[in-house]
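Reading through the structure tokens given below for one structure.
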Amino acid sequence: MAKNLATEMAPPFVLVAHYFIAGAFFYALSAFILPFFANDISGYFLSTSIASLIHLYLLGFVMMVIFGAMYQLIPVVLEIPIFSKDFAYVQFYIFIGGIILFVLGLFDTNFIAMMPYGALMMYLSMLIFVVNIMMTYKELKRWDIVAKFIFVSNIFLFVGVSIGLVIALNLIYGFYPDIENLVRMHVGATIFGYVLMTIMGVGMILLPMFSLSHGFKQRAIEIAFYTIILGLVLLLLGATLQFETLELLGSFFVMVSVFLALYQMWLIFSTRIRKQNDFWAKNMIASFVALLLTFVILITAIVTQSATLYLAFGFTLFFGFFTFFIVGHIYKILPFLVWYQRYSPLVGKIKVPMLGEMIKEKIADVQFWVTLLGFLVSLMAILFSIPLAFQIGATIMGVGTLLVIYNIYFTLNYKVNLGVQDGE
Amino acid sequence: MVSEENVYDAIKTVIDPEVGFDIYSLGLIYGVRVEDDHAHVTMTLSTRGCPLHEMMKQWTKEAVERIDGISSCDVEIVWEPAWNITMASDEVKKALGAI
């Protein structure tokens, strides 16, 4: 059997599957409850009910899938083994417990007492992740742009979740008066510092790999790397010192970085050899258009100070950019993981399936259009403050989510008649 | 003695499961040399950091070593010249939408 240095250094399939299956569950749960938030779209942006939905979606789906993907991708891309697989399991179970207590505590005041315990558990879980990644980096020999993005993003994750813990404890004990200040720091460090920087980094591997792009320059993403760090440091400093101009300057640099990253993605796409607009390519195009739209809305929101536009900004970032980017890659990464586990030992012995066969392509295609329609209807509903339209849009998005779940189920259970026993 | 053609035929049985074509048609094979019962294959991959990297190398080695008359094969991965689509067969180019 093949000795695959990169994949053999990666944790077993079952570990990554933990994260992906839990991510799919929380994705479905978020989609199920989203229509019930219709009346919140004209409310105050920082309500605890919206915070509960945001955390369910971001922690349960977005970060869960990212954590699983990082455990798989870091050994492959950076050619270093994960420091501790046991840490990764411990992190997972603490995270699951933490998210349930935390989100329930935020969502329902009857359970508010559970919230700080949930926050503490999640903080511990994230610390384990950060330590695991930092220890993994001790083996790193080649500091390319991907390695730099992942490393710095984890520093921002540590900063972001530390502020998050302070916010959670403050909600109960009320020791710090300016919560909005802390929220801006928390959002900046976790969403832009961790999630966005991670996506920018791994995107430099995933996009050329799946689109077969070659010969593009990567100067734009290299400048984007330093620009986003500068922006985030200024943003955090400005919020700490309560110096609004500094915060605005920081936001400006973050935006410049995002536009540079988008330009880089365009460079990659313009040199792609696989020109078929399959479900993966459609999801990528939609995600980058959504990211562009996100920052156009944010600029308008900053200028007009409109609460509705801030809400539209968050919705477009979460349910547009993150959703399309992550779903598109689940369709690529999950079949590979199942294939590697189940069929790679049989290559050369029997006819093994192609990765594309392990996804229902037609359903993935229909799912893309359904999700896009639902997203657009919901976004319009937010912009024009029409709760009923939001309910309809969110329900359509929910149908899209069910189709994603079906495809994940199909991939996980994909078996061909080999006449041999499958197993670990 | 085994000919280089025989080795290429064996290599054509190695399929890239992501793209769905054999690695010869993809243009990943840069050269084959046969010395008595030993074969040497020089190949590249479409992308650095590809999770299939070592597996492709191993599959190629195993496919060649299955030829009667070949007892060992070493596979060398090179990155220069970098692979590009012009190296692939017309069938591959067409399927990928490159022509």
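By order in the structure tokens, chains are A, B, ...; within a chain, residues start at 1; ligands start at 1, following the order shown.
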
Check: which chain B residues lie within 9 Å of chain A using only C-alpha atoms, as a ChimeraX atom specification: /B:13-20,46-59,62-63,82-85,93,95-98

Residue list (alpha helix (DSSP H), DSSP) for range 75-309 of chain A, as a ChimeraX atom specification: /A:75-78,85-107,115-137,145-173,179-187,197-211,219-240,244-270,279-304,307-309

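Using only C-alpha atoms, the smallest distance between any of A:Phe36, A:Phe20, A:Phe324, A:Phe313 and Pro387 in chain A comes from A:Phe36.
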
If we count only C-alpha atoms, what is near Ile11 in chain B at a cut-off of 8 Å, once residues fewer than 2 positions away on the same chain are taken out, given as a JSON list (two decimals) with C-alpha atoms, in the first residue's frame?
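Okay, selection39.json is ready:
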[["chain", "number", "residue", "atom", "x", "y", "z"],
["B", 7, "VAL", "CA", 6.09, 0.88, -19.52],
["B", 8, "TYR", "CA", 3.95, 3.67, -20.97],
["B", 9, "ASP", "CA", 1.08, 1.18, -21.43],
["B", 13, "THR", "CA", -3.64, 2.28, -16.15],
["B", 14, "VAL", "CA", -2.98, 4.85, -13.39],
["B", 22, "ASP", "CA", -4.88, 8.52, -16.75],
["B", 23, "ILE", "CA", -1.69, 10.29, -15.80],
["B", 24, "TYR", "CA", -0.10, 9.71, -19.22],
["B", 60, "THR", "CA", 2.94, 4.46, -10.93],
["B", 63, "ALA", "CA", 1.82, -0.40, -12.15],
["B", 64, "VAL", "CA", 5.26, -0.58, -13.78]]

Residue among A:Ser162, A:Asn181, A:Gln242, A:Ser270 lying closest to Met126 in chain A, counting only C-alpha atoms: A:Ser162

Option closest in space to Leu28 in chain B, from B:Met87, B:Glu65, B:Val75, B:Pro81 [counting only C-alpha atoms]: B:Met87

All strand (DSSP E or B) residues (DSSP, backbone) inside range 104-350 of chain A, as a ChimeraX atom specification: /A:213,272,347,350

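Between CA of Gly314 in chain A and CA of Ala301 in chain A there is a distance of 10.9 Å.
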
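Residues within 12 Å of Glu35 in chain B, counting only C-alpha atoms and excluding same-chain residues fewer than 3 positions away, are Met1, Val2, Ser3, Glu4, Val7, Val32, His38, Ala39, His40, Val41, Gly69, Ile70, Ser71, Ser72, Cys73 and Asp74 of chain B.
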
Write out the residues from the selection above, keeping N, CA, C and O atoms, as an mmCIF file, in the first residue's frame.
data_model
loop_
_atom_site.group_PDB
_atom_site.id
_atom_site.type_symbol
_atom_site.label_atom_id
_atom_site.label_comp_id
_atom_site.auth_asym_id
_atom_site.auth_seq_id
_atom_site.Cartn_x
_atom_site.Cartn_y
_atom_site.Cartn_z
ATOM 1 N N MET B 1 13.594 -8.167 -23.677
ATOM 2 C CA MET B 1 13.664 -6.981 -22.772
ATOM 3 C C MET B 1 12.395 -6.138 -22.920
ATOM 4 O O MET B 1 11.826 -5.993 -24.003
ATOM 5 N N VAL B 2 11.957 -5.576 -21.822
ATOM 6 C CA VAL B 2 10.750 -4.747 -21.809
ATOM 7 C C VAL B 2 11.035 -3.414 -22.515
ATOM 8 O O VAL B 2 12.076 -2.796 -22.282
ATOM 9 N N SER B 3 10.098 -3.009 -23.379
ATOM 10 C CA SER B 3 10.324 -1.749 -24.095
ATOM 11 C C SER B 3 9.724 -0.573 -23.320
ATOM 12 O O SER B 3 8.901 -0.771 -22.404
ATOM 13 N N GLU B 4 10.132 0.615 -23.711
ATOM 14 C CA GLU B 4 9.565 1.807 -23.062
ATOM 15 C C GLU B 4 8.067 1.902 -23.339
ATOM 16 O O GLU B 4 7.296 2.369 -22.497
ATOM 17 N N VAL B 7 6.162 0.114 -20.777
ATOM 18 C CA VAL B 7 6.086 0.878 -19.519
ATOM 19 C C VAL B 7 5.011 1.960 -19.631
ATOM 20 O O VAL B 7 4.197 2.141 -18.717
ATOM 21 N N VAL B 32 10.613 7.999 -19.589
ATOM 22 C CA VAL B 32 10.723 6.618 -19.110
ATOM 23 C C VAL B 32 12.055 6.067 -19.617
ATOM 24 O O VAL B 32 12.438 6.327 -20.762
ATOM 25 N N HIS B 38 15.090 -2.978 -14.747
ATOM 26 C CA HIS B 38 14.785 -1.812 -13.902
ATOM 27 C C HIS B 38 14.220 -0.664 -14.762
ATOM 28 O O HIS B 38 14.729 -0.398 -15.852
ATOM 29 N N ALA B 39 13.171 -0.042 -14.240
ATOM 30 C CA ALA B 39 12.583 1.100 -14.966
ATOM 31 C C ALA B 39 12.727 2.370 -14.131
ATOM 32 O O ALA B 39 12.661 2.323 -12.891
ATOM 33 N N HIS B 40 12.920 3.462 -14.836
ATOM 34 C CA HIS B 40 13.002 4.765 -14.156
ATOM 35 C C HIS B 40 11.967 5.683 -14.824
ATOM 36 O O HIS B 40 11.988 5.864 -16.036
ATOM 37 N N VAL B 41 11.073 6.241 -14.014
ATOM 38 C CA VAL B 41 10.023 7.116 -14.551
ATOM 39 C C VAL B 41 10.213 8.513 -13.978
ATOM 40 O O VAL B 41 10.382 8.678 -12.770
ATOM 41 N N GLY B 69 9.082 -8.972 -16.429
ATOM 42 C CA GLY B 69 10.399 -8.553 -16.898
ATOM 43 C C GLY B 69 10.915 -7.309 -16.206
ATOM 44 O O GLY B 69 12.060 -6.912 -16.397
ATOM 45 N N ILE B 70 10.046 -6.666 -15.424
ATOM 46 C CA ILE B 70 10.491 -5.509 -14.620
ATOM 47 C C ILE B 70 10.471 -5.932 -13.147
ATOM 48 O O ILE B 70 9.432 -6.358 -12.630
ATOM 49 N N SER B 71 11.615 -5.827 -12.511
ATOM 50 C CA SER B 71 11.645 -6.227 -11.098
ATOM 51 C C SER B 71 11.625 -5.014 -10.172
ATOM 52 O O SER B 71 11.232 -5.121 -9.007
ATOM 53 N N SER B 72 12.060 -3.865 -10.686
ATOM 54 C CA SER B 72 12.024 -2.678 -9.823
ATOM 55 C C SER B 72 11.812 -1.419 -10.672
ATOM 56 O O SER B 72 12.168 -1.392 -11.850
ATOM 57 N N CYS B 73 11.210 -0.443 -10.035
ATOM 58 C CA CYS B 73 10.964 0.835 -10.724
ATOM 59 C C CYS B 73 11.140 1.963 -9.722
ATOM 60 O O CYS B 73 10.642 1.881 -8.588
ATOM 61 N N ASP B 74 11.856 2.984 -10.099
ATOM 62 C CA ASP B 74 11.876 4.168 -9.233
ATOM 63 C C ASP B 74 11.219 5.329 -9.975
ATOM 64 O O ASP B 74 11.358 5.466 -11.199
#

Close residues, Val92 in chain B itself excluded, 8 Å, only C-alpha atoms, min 3 positions apart in chain, as a list in words: Phe21, Ser25, Leu26, Ala88, Ser89, Ala95 and Leu96 of chain B

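Reported to one decimal place, the separation of CA of Leu292 in chain A from CA of Met197 in chain A is 15.5 Å.
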